>>> print(open('protein_35.txt').read())   # compact mmCIF, C-alpha atoms
# COMPACT_ATOMS: atom_id res chain seq x y z
CA MET S 21 -51.05 219.39 69.70
CA LYS S 22 -52.05 217.30 72.71
CA LYS S 23 -49.91 219.48 75.03
CA LEU S 24 -51.52 222.63 73.61
CA PHE S 25 -54.98 221.17 74.19
CA LEU S 26 -54.14 220.18 77.78
CA SER S 27 -52.65 223.62 78.42
CA CYS S 28 -55.83 225.27 77.13
CA VAL S 29 -57.99 223.03 79.32
CA ALA S 30 -55.85 223.86 82.37
CA LEU S 31 -56.01 227.60 81.64
CA LEU S 32 -59.78 227.47 81.13
CA SER S 33 -60.17 225.58 84.42
CA ILE S 34 -58.19 228.24 86.27
CA VAL S 35 -60.26 231.04 84.72
CA LEU S 36 -63.55 229.31 85.54
CA PHE S 37 -62.43 228.48 89.08
CA SER S 38 -61.38 232.09 89.64
CA ALA S 39 -64.70 233.36 88.33
CA CYS S 40 -66.60 231.02 90.63
CA GLU S 41 -64.67 232.26 93.63
CA SER S 42 -65.14 235.96 92.87
CA LYS S 43 -66.14 237.81 96.04
CA ASP S 44 -67.97 240.33 93.84
CA SER S 45 -70.24 237.74 92.21
CA VAL S 46 -73.98 237.71 92.78
CA SER S 47 -73.80 234.34 94.53
CA ALA S 48 -71.04 235.58 96.85
CA LYS S 49 -73.30 238.48 97.90
CA ALA S 50 -75.99 235.95 98.84
CA GLU S 51 -73.72 233.48 100.65
CA GLY S 52 -73.99 233.30 104.40
CA THR S 53 -75.89 232.03 107.43
CA TYR S 54 -79.04 233.97 108.24
CA MET S 55 -80.81 233.88 111.60
CA THR S 56 -84.53 233.98 110.83
CA HIS S 57 -87.98 233.74 112.32
CA ARG S 58 -89.91 231.02 110.46
CA THR S 59 -93.68 230.66 110.30
CA THR S 60 -95.00 227.40 108.84
CA ASN S 61 -98.59 226.91 107.67
CA MET S 62 -100.27 223.96 106.06
CA VAL S 63 -101.96 224.89 102.78
CA ASN S 64 -105.08 223.63 101.01
CA LEU S 65 -106.55 222.14 104.17
CA PRO S 66 -110.30 221.64 104.26
CA PRO S 67 -111.91 224.10 106.71
CA TYR S 68 -112.84 221.32 109.15
CA ILE S 69 -109.18 220.31 109.71
CA PRO S 70 -107.52 222.66 112.21
CA PHE S 71 -103.84 223.54 112.01
CA THR S 72 -102.01 225.99 114.23
CA PRO S 73 -99.10 227.69 112.48
CA VAL S 74 -95.69 226.69 113.83
CA GLU S 75 -93.28 229.50 114.67
CA ASP S 76 -89.61 229.07 115.47
CA ASN S 77 -86.21 230.71 115.05
CA VAL S 78 -83.84 228.91 112.69
CA SER S 79 -80.69 229.56 110.70
CA VAL S 80 -80.77 229.35 106.90
CA LYS S 81 -77.52 228.58 105.09
CA ILE S 82 -76.75 229.77 101.57
CA LYS S 83 -73.63 228.57 99.78
CA ALA S 84 -72.37 229.88 96.44
CA VAL S 85 -72.06 227.12 93.81
CA ASN S 86 -70.69 229.36 91.07
CA GLU S 87 -71.06 232.99 90.06
CA LEU S 88 -74.83 232.89 89.48
CA PHE S 89 -76.12 229.89 91.45
CA VAL S 90 -76.43 228.97 95.13
CA ASN S 91 -77.46 226.02 97.28
CA LEU S 92 -79.83 226.84 100.14
CA THR S 93 -80.45 224.61 103.16
CA ILE S 94 -83.93 224.55 104.69
CA PRO S 95 -83.69 223.62 108.41
CA THR S 96 -85.54 220.66 109.87
CA MET S 97 -88.93 221.20 111.41
CA THR S 98 -91.34 219.36 113.65
CA TYR S 99 -95.08 219.90 113.89
CA VAL S 100 -98.17 218.09 115.15
CA PHE S 101 -100.93 217.15 112.70
CA ASN S 102 -104.01 215.18 113.76
CA GLY S 103 -102.32 214.37 117.06
CA GLN S 104 -99.24 212.87 115.38
CA GLU S 105 -95.75 214.40 115.47
CA MET S 106 -94.40 214.96 111.98
CA ILE S 107 -90.75 215.65 111.16
CA ILE S 108 -89.50 217.25 107.97
CA PRO S 109 -85.72 216.75 107.82
CA ASP S 110 -83.42 219.53 106.69
CA PHE S 111 -82.86 219.58 102.95
CA THR S 112 -80.83 221.51 100.43
CA ILE S 113 -82.31 223.14 97.37
CA SER S 114 -79.56 222.90 94.74
CA ASN S 115 -78.52 225.24 91.95
CA ILE S 116 -80.87 228.14 92.61
CA PRO S 117 -80.28 231.04 90.21
CA VAL S 118 -79.68 234.40 91.91
CA LEU S 119 -80.13 237.82 90.35
CA ASP S 120 -78.33 241.04 91.19
CA ALA S 121 -80.85 243.69 92.23
CA GLY S 122 -78.25 246.45 92.45
CA GLU S 123 -78.55 248.54 95.59
CA GLU S 124 -81.53 246.42 96.63
CA GLY S 125 -79.33 243.33 97.10
CA VAL S 126 -79.89 239.87 95.63
CA VAL S 127 -83.12 238.23 94.45
CA ILE S 128 -84.21 234.64 94.03
CA SER S 129 -87.06 234.79 91.56
CA ASN S 130 -89.92 232.31 91.74
CA HIS S 131 -87.79 229.15 91.40
CA SER S 132 -89.30 225.65 91.18
CA PHE S 133 -87.35 222.74 92.64
CA THR S 134 -87.45 218.99 93.12
CA GLU S 135 -85.06 217.36 95.57
CA ASP S 136 -84.65 213.82 96.85
CA VAL S 137 -84.61 213.82 100.65
CA ASN S 138 -84.10 210.43 102.28
CA GLY S 139 -85.76 208.72 99.31
CA LYS S 140 -88.76 211.07 99.28
CA ASP S 141 -89.40 213.77 96.70
CA VAL S 142 -89.65 217.34 97.91
CA ILE S 143 -91.36 219.45 95.25
CA GLY S 144 -91.86 223.17 95.65
CA THR S 145 -91.06 226.78 94.91
CA ILE S 146 -88.85 229.39 96.55
CA ILE S 147 -88.72 233.16 96.30
CA ALA S 148 -86.38 235.38 98.34
CA GLU S 149 -84.72 238.76 98.75
CA ILE S 150 -81.40 239.35 100.46
CA ASP S 151 -80.91 243.03 101.25
CA GLU S 152 -77.55 244.78 101.04
CA ASP S 153 -77.59 244.95 104.85
CA GLY S 154 -77.74 241.14 105.03
CA GLU S 155 -81.40 240.63 105.85
CA LEU S 156 -83.21 237.66 104.31
CA ASP S 157 -86.92 237.54 103.49
CA MET S 158 -88.00 234.26 101.92
CA GLU S 159 -91.02 232.13 101.16
CA VAL S 160 -90.79 228.40 100.48
CA SER S 161 -93.80 226.27 99.55
CA PHE S 162 -93.41 222.51 99.19
CA LYS S 163 -94.79 219.01 99.58
CA TYR S 164 -92.67 216.36 101.27
CA GLY S 165 -93.11 212.80 100.04
CA ASN S 166 -96.75 211.69 100.03
CA MET S 167 -98.05 214.46 102.26
CA PRO S 168 -101.70 215.08 101.42
CA PHE S 169 -101.25 218.82 101.99
CA GLY S 170 -98.43 221.24 101.30
CA LEU S 171 -96.45 223.48 103.62
CA LYS S 172 -95.76 227.16 103.23
CA GLN S 173 -92.87 228.62 105.20
CA GLU S 174 -92.13 232.31 105.57
CA TYR S 175 -88.70 233.37 106.79
CA GLU S 176 -87.80 236.83 108.03
CA SER S 177 -84.40 237.87 109.35
CA LEU S 178 -84.20 238.49 113.06
CA ARG S 179 -83.43 242.15 113.47
CA ASP S 180 -81.45 243.61 116.34
>>> encode(input="protein_35.txt", output="structure tokens")
Amino acid sequence: MKKLFLSCVALLSIVLFSACESKDSVSAKAEGTYMTHRTTNMVNLPPYIPFTPVEDNVSVKIKAVNELFVNLTIPTMTYVFNGQEMIIPDFTISNIPVLDAGEEGVVISNHSFTEDVNGKDVIGTIIAEIDEDGELDMEVSFKYGNMPFGLKQEYESLRD
């Protein structure tokens, strides 16, 4: 009986591992490194506090976790606020559900997340579309640690 149980567990593990590695899965369609143009704004600032949006080109990495979930890495960023340089380290949003949008590609619906980054909570939301032609459009809004104001980042694939 014990051998039968262990055999069943081994078989199930192989089946699940194979399913996770399927190149036809939704997460596999999303997986990749995307060169993007990122625009970062600070949100909910009082009108008397100026902030100039930060624009840069960065790569966004998406890694399949299993058939329906991915991990997505947000690149580090630096900006100046009230004369002080601020650094948001890169962080990974884990276990994001992805949806197959058919010929339209892959969608990340409005997904809320909380991640621990260097002992600080990063709380936010992400929404994205990955077209069949490999272009990523994404919006990430979050607060890092005890920041008094949030950040909103918009990512758009660099097009040739």
>>> closest_residue(input="protein_35.txt", among="S:Val46, S:Met106, S:Leu65, S:Val78", to="S:Leu178", atoms="all atoms listed in the file")
S:Val78
>>> residues_around(input="protein_35.txt", residues="S:Ala121", least_positions_apart="5", cutoff="12 Å", atoms="only C-alpha atoms", output="PDB file with C-alpha atoms, in the coordinates of the input")
ATOM      1  CA  VAL S  46     -73.980 237.710  92.780  1.00  0.00           C
ATOM      2  CA  SER S  47     -73.800 234.340  94.530  1.00  0.00           C
ATOM      3  CA  LYS S  49     -73.300 238.480  97.900  1.00  0.00           C
ATOM      4  CA  ALA S  50     -75.990 235.950  98.840  1.00  0.00           C
ATOM      5  CA  VAL S 126     -79.890 239.870  95.630  1.00  0.00           C
ATOM      6  CA  VAL S 127     -83.120 238.230  94.450  1.00  0.00           C
ATOM      7  CA  ILE S 128     -84.210 234.640  94.030  1.00  0.00           C
ATOM      8  CA  SER S 129     -87.060 234.790  91.560  1.00  0.00           C
ATOM      9  CA  ALA S 148     -86.380 235.380  98.340  1.00  0.00           C
ATOM     10  CA  GLU S 149     -84.720 238.760  98.750  1.00  0.00           C
ATOM     11  CA  ILE S 150     -81.400 239.350 100.460  1.00  0.00           C
ATOM     12  CA  ASP S 151     -80.910 243.030 101.250  1.00  0.00           C
ATOM     13  CA  GLU S 152     -77.550 244.780 101.040  1.00  0.00           C
TER      14      GLU S 152
END
>>> residues_near_point(input="protein_35.txt", point="(-87.1, 234.3, 107.9)", cutoff="9 Å", atoms="all atoms listed in the file", output="ChimeraX atom specification")
/S:54-59,77-80,155-159,173-178
>>> closest_residue(input="protein_35.txt", among="S:Asp44, S:Glu135, S:Asp153, S:Asp110", to="S:Glu87", atoms="all atoms listed in the file")
S:Asp44
>>> atom_distance(input="protein_35.txt", atom1="atom CA of S:Leu119", atom2="atom CA of S:Thr96")
26.5 Å
>>> atom_distance(input="protein_35.txt", atom1="atom CA of S:Asn91", atom2="atom CA of S:Ile108")
18.3 Å
>>> atom_distance(input="protein_35.txt", atom1="atom CA of S:Gly165", atom2="atom CA of S:Ile147")
21.2 Å
>>> closest_residue(input="protein_35.txt", among="S:Val160, S:Leu88, S:Ala48, S:Met97", to="S:Val74", atoms="all atoms listed in the file")
S:Met97
>>> axis_aligned_box(input="protein_35.txt", around="stretch 148-153 of chain S", padding_each_side="3 Å", output="AutoDock Vina command-line options")
--center_x -82.0 --center_y 240.2 --center_z 101.6 --size_x 14.8 --size_y 15.6 --size_z 12.5
>>> residues_around(input="protein_35.txt", residues="S:Gly170", least_positions_apart="5", cutoff="12 Å", atoms="all atoms listed in the file", output="number ranges by chain")
S: 60-65, 108, 142-145, 160-165
>>> closest_residue(input="protein_35.txt", among="S:Thr53, S:Pro95, S:Pro66, S:His131", to="S:Phe169", atoms="only C-alpha atoms")
S:Pro66
>>> closest_residue(input="protein_35.txt", among="S:Ser45, S:Gln104, S:Thr93, S:Thr98", to="S:Val137", atoms="all atoms listed in the file")
S:Thr93
>>> decode(input="protein_35.txt", residues="stretch 124-153 of chain S", atoms="N, CA, C and O atoms", output="short mmCIF file (atom, residue, chain, number, x, y, z; two decimals), in the first residue's frame")
data_model
loop_
_atom_site.label_atom_id
_atom_site.label_comp_id
_atom_site.auth_asym_id
_atom_site.auth_seq_id
_atom_site.Cartn_x
_atom_site.Cartn_y
_atom_site.Cartn_z
N GLU S 124 -5.98 38.47 -28.40
CA GLU S 124 -5.52 39.74 -27.83
C GLU S 124 -4.28 39.56 -26.97
O GLU S 124 -3.66 40.53 -26.59
N GLY S 125 -3.94 38.33 -26.59
CA GLY S 125 -2.75 38.09 -25.78
C GLY S 125 -3.07 37.62 -24.38
O GLY S 125 -3.92 36.76 -24.17
N VAL S 126 -2.41 38.23 -23.41
CA VAL S 126 -2.53 37.86 -21.99
C VAL S 126 -2.86 39.10 -21.19
O VAL S 126 -2.35 40.19 -21.48
N VAL S 127 -3.69 38.94 -20.16
CA VAL S 127 -4.12 40.07 -19.33
C VAL S 127 -3.81 39.79 -17.87
O VAL S 127 -4.00 38.67 -17.39
N ILE S 128 -3.35 40.82 -17.19
CA ILE S 128 -3.28 40.81 -15.73
C ILE S 128 -4.36 41.77 -15.29
O ILE S 128 -4.27 42.97 -15.54
N SER S 129 -5.41 41.21 -14.70
CA SER S 129 -6.51 42.03 -14.22
C SER S 129 -6.07 42.82 -13.00
O SER S 129 -5.03 42.54 -12.43
N ASN S 130 -6.84 43.77 -12.59
CA ASN S 130 -6.51 44.61 -11.44
C ASN S 130 -6.15 43.74 -10.24
O ASN S 130 -7.02 43.27 -9.53
N HIS S 131 -4.85 43.52 -10.02
CA HIS S 131 -4.36 42.61 -8.99
C HIS S 131 -3.70 43.41 -7.86
O HIS S 131 -2.81 44.23 -8.10
N SER S 132 -4.17 43.19 -6.63
CA SER S 132 -3.58 43.83 -5.45
C SER S 132 -2.43 42.98 -4.93
O SER S 132 -2.50 41.75 -4.98
N PHE S 133 -1.40 43.64 -4.43
CA PHE S 133 -0.26 42.89 -3.90
C PHE S 133 0.32 43.57 -2.67
O PHE S 133 0.15 44.76 -2.45
N THR S 134 1.00 42.77 -1.86
CA THR S 134 1.80 43.24 -0.74
C THR S 134 3.08 42.42 -0.76
O THR S 134 3.03 41.19 -0.77
N GLU S 135 4.20 43.09 -0.81
CA GLU S 135 5.51 42.42 -0.83
C GLU S 135 6.40 43.05 0.22
O GLU S 135 6.29 44.24 0.53
N ASP S 136 7.29 42.24 0.77
CA ASP S 136 8.30 42.72 1.70
C ASP S 136 9.57 42.98 0.90
O ASP S 136 10.10 42.07 0.27
N VAL S 137 10.03 44.22 0.91
CA VAL S 137 11.23 44.60 0.17
C VAL S 137 12.20 45.23 1.16
O VAL S 137 11.95 46.33 1.67
N ASN S 138 13.26 44.51 1.46
CA ASN S 138 14.27 45.00 2.41
C ASN S 138 13.65 45.43 3.73
O ASN S 138 14.02 46.46 4.29
N GLY S 139 12.68 44.66 4.21
CA GLY S 139 12.04 44.95 5.49
C GLY S 139 10.97 46.02 5.44
O GLY S 139 10.43 46.42 6.48
N LYS S 140 10.65 46.49 4.26
CA LYS S 140 9.59 47.50 4.11
C LYS S 140 8.47 46.91 3.28
O LYS S 140 8.71 46.20 2.31
N ASP S 141 7.23 47.22 3.65
CA ASP S 141 6.08 46.75 2.89
C ASP S 141 5.90 47.59 1.64
O ASP S 141 6.02 48.82 1.67
N VAL S 142 5.65 46.91 0.55
CA VAL S 142 5.25 47.56 -0.70
C VAL S 142 3.84 47.08 -0.97
O VAL S 142 3.60 45.88 -1.15
N ILE S 143 2.89 48.02 -0.96
CA ILE S 143 1.47 47.68 -1.12
C ILE S 143 0.97 48.41 -2.36
O ILE S 143 1.18 49.62 -2.51
N GLY S 144 0.30 47.65 -3.25
CA GLY S 144 -0.17 48.30 -4.46
C GLY S 144 -1.07 47.45 -5.32
O GLY S 144 -1.58 46.43 -4.88
N THR S 145 -1.23 47.92 -6.56
CA THR S 145 -2.04 47.22 -7.56
C THR S 145 -1.29 47.22 -8.88
O THR S 145 -0.46 48.10 -9.15
N ILE S 146 -1.60 46.22 -9.70
CA ILE S 146 -1.00 46.12 -11.03
C ILE S 146 -2.08 45.69 -12.01
O ILE S 146 -2.97 44.91 -11.67
N ILE S 147 -2.00 46.25 -13.20
CA ILE S 147 -2.87 45.86 -14.30
C ILE S 147 -2.00 45.89 -15.56
O ILE S 147 -1.16 46.78 -15.70
N ALA S 148 -2.16 44.90 -16.45
CA ALA S 148 -1.29 44.85 -17.62
C ALA S 148 -1.93 44.08 -18.76
O ALA S 148 -2.82 43.25 -18.55
N GLU S 149 -1.44 44.36 -19.95
CA GLU S 149 -1.79 43.61 -21.16
C GLU S 149 -0.50 43.27 -21.88
O GLU S 149 0.39 44.11 -22.01
N ILE S 150 -0.41 42.02 -22.33
CA ILE S 150 0.73 41.59 -23.13
C ILE S 150 0.15 41.10 -24.45
O ILE S 150 -0.54 40.09 -24.50
N ASP S 151 0.40 41.86 -25.51
CA ASP S 151 -0.15 41.54 -26.82
C ASP S 151 0.53 40.30 -27.40
O ASP S 151 1.64 39.94 -27.02
N GLU S 152 -0.16 39.69 -28.36
CA GLU S 152 0.39 38.52 -29.06
C GLU S 152 1.74 38.84 -29.71
O GLU S 152 2.58 37.98 -29.85
N ASP S 153 1.95 40.10 -30.09
CA ASP S 153 3.21 40.48 -30.73
C ASP S 153 4.30 40.80 -29.71
O ASP S 153 5.37 41.29 -30.07
#
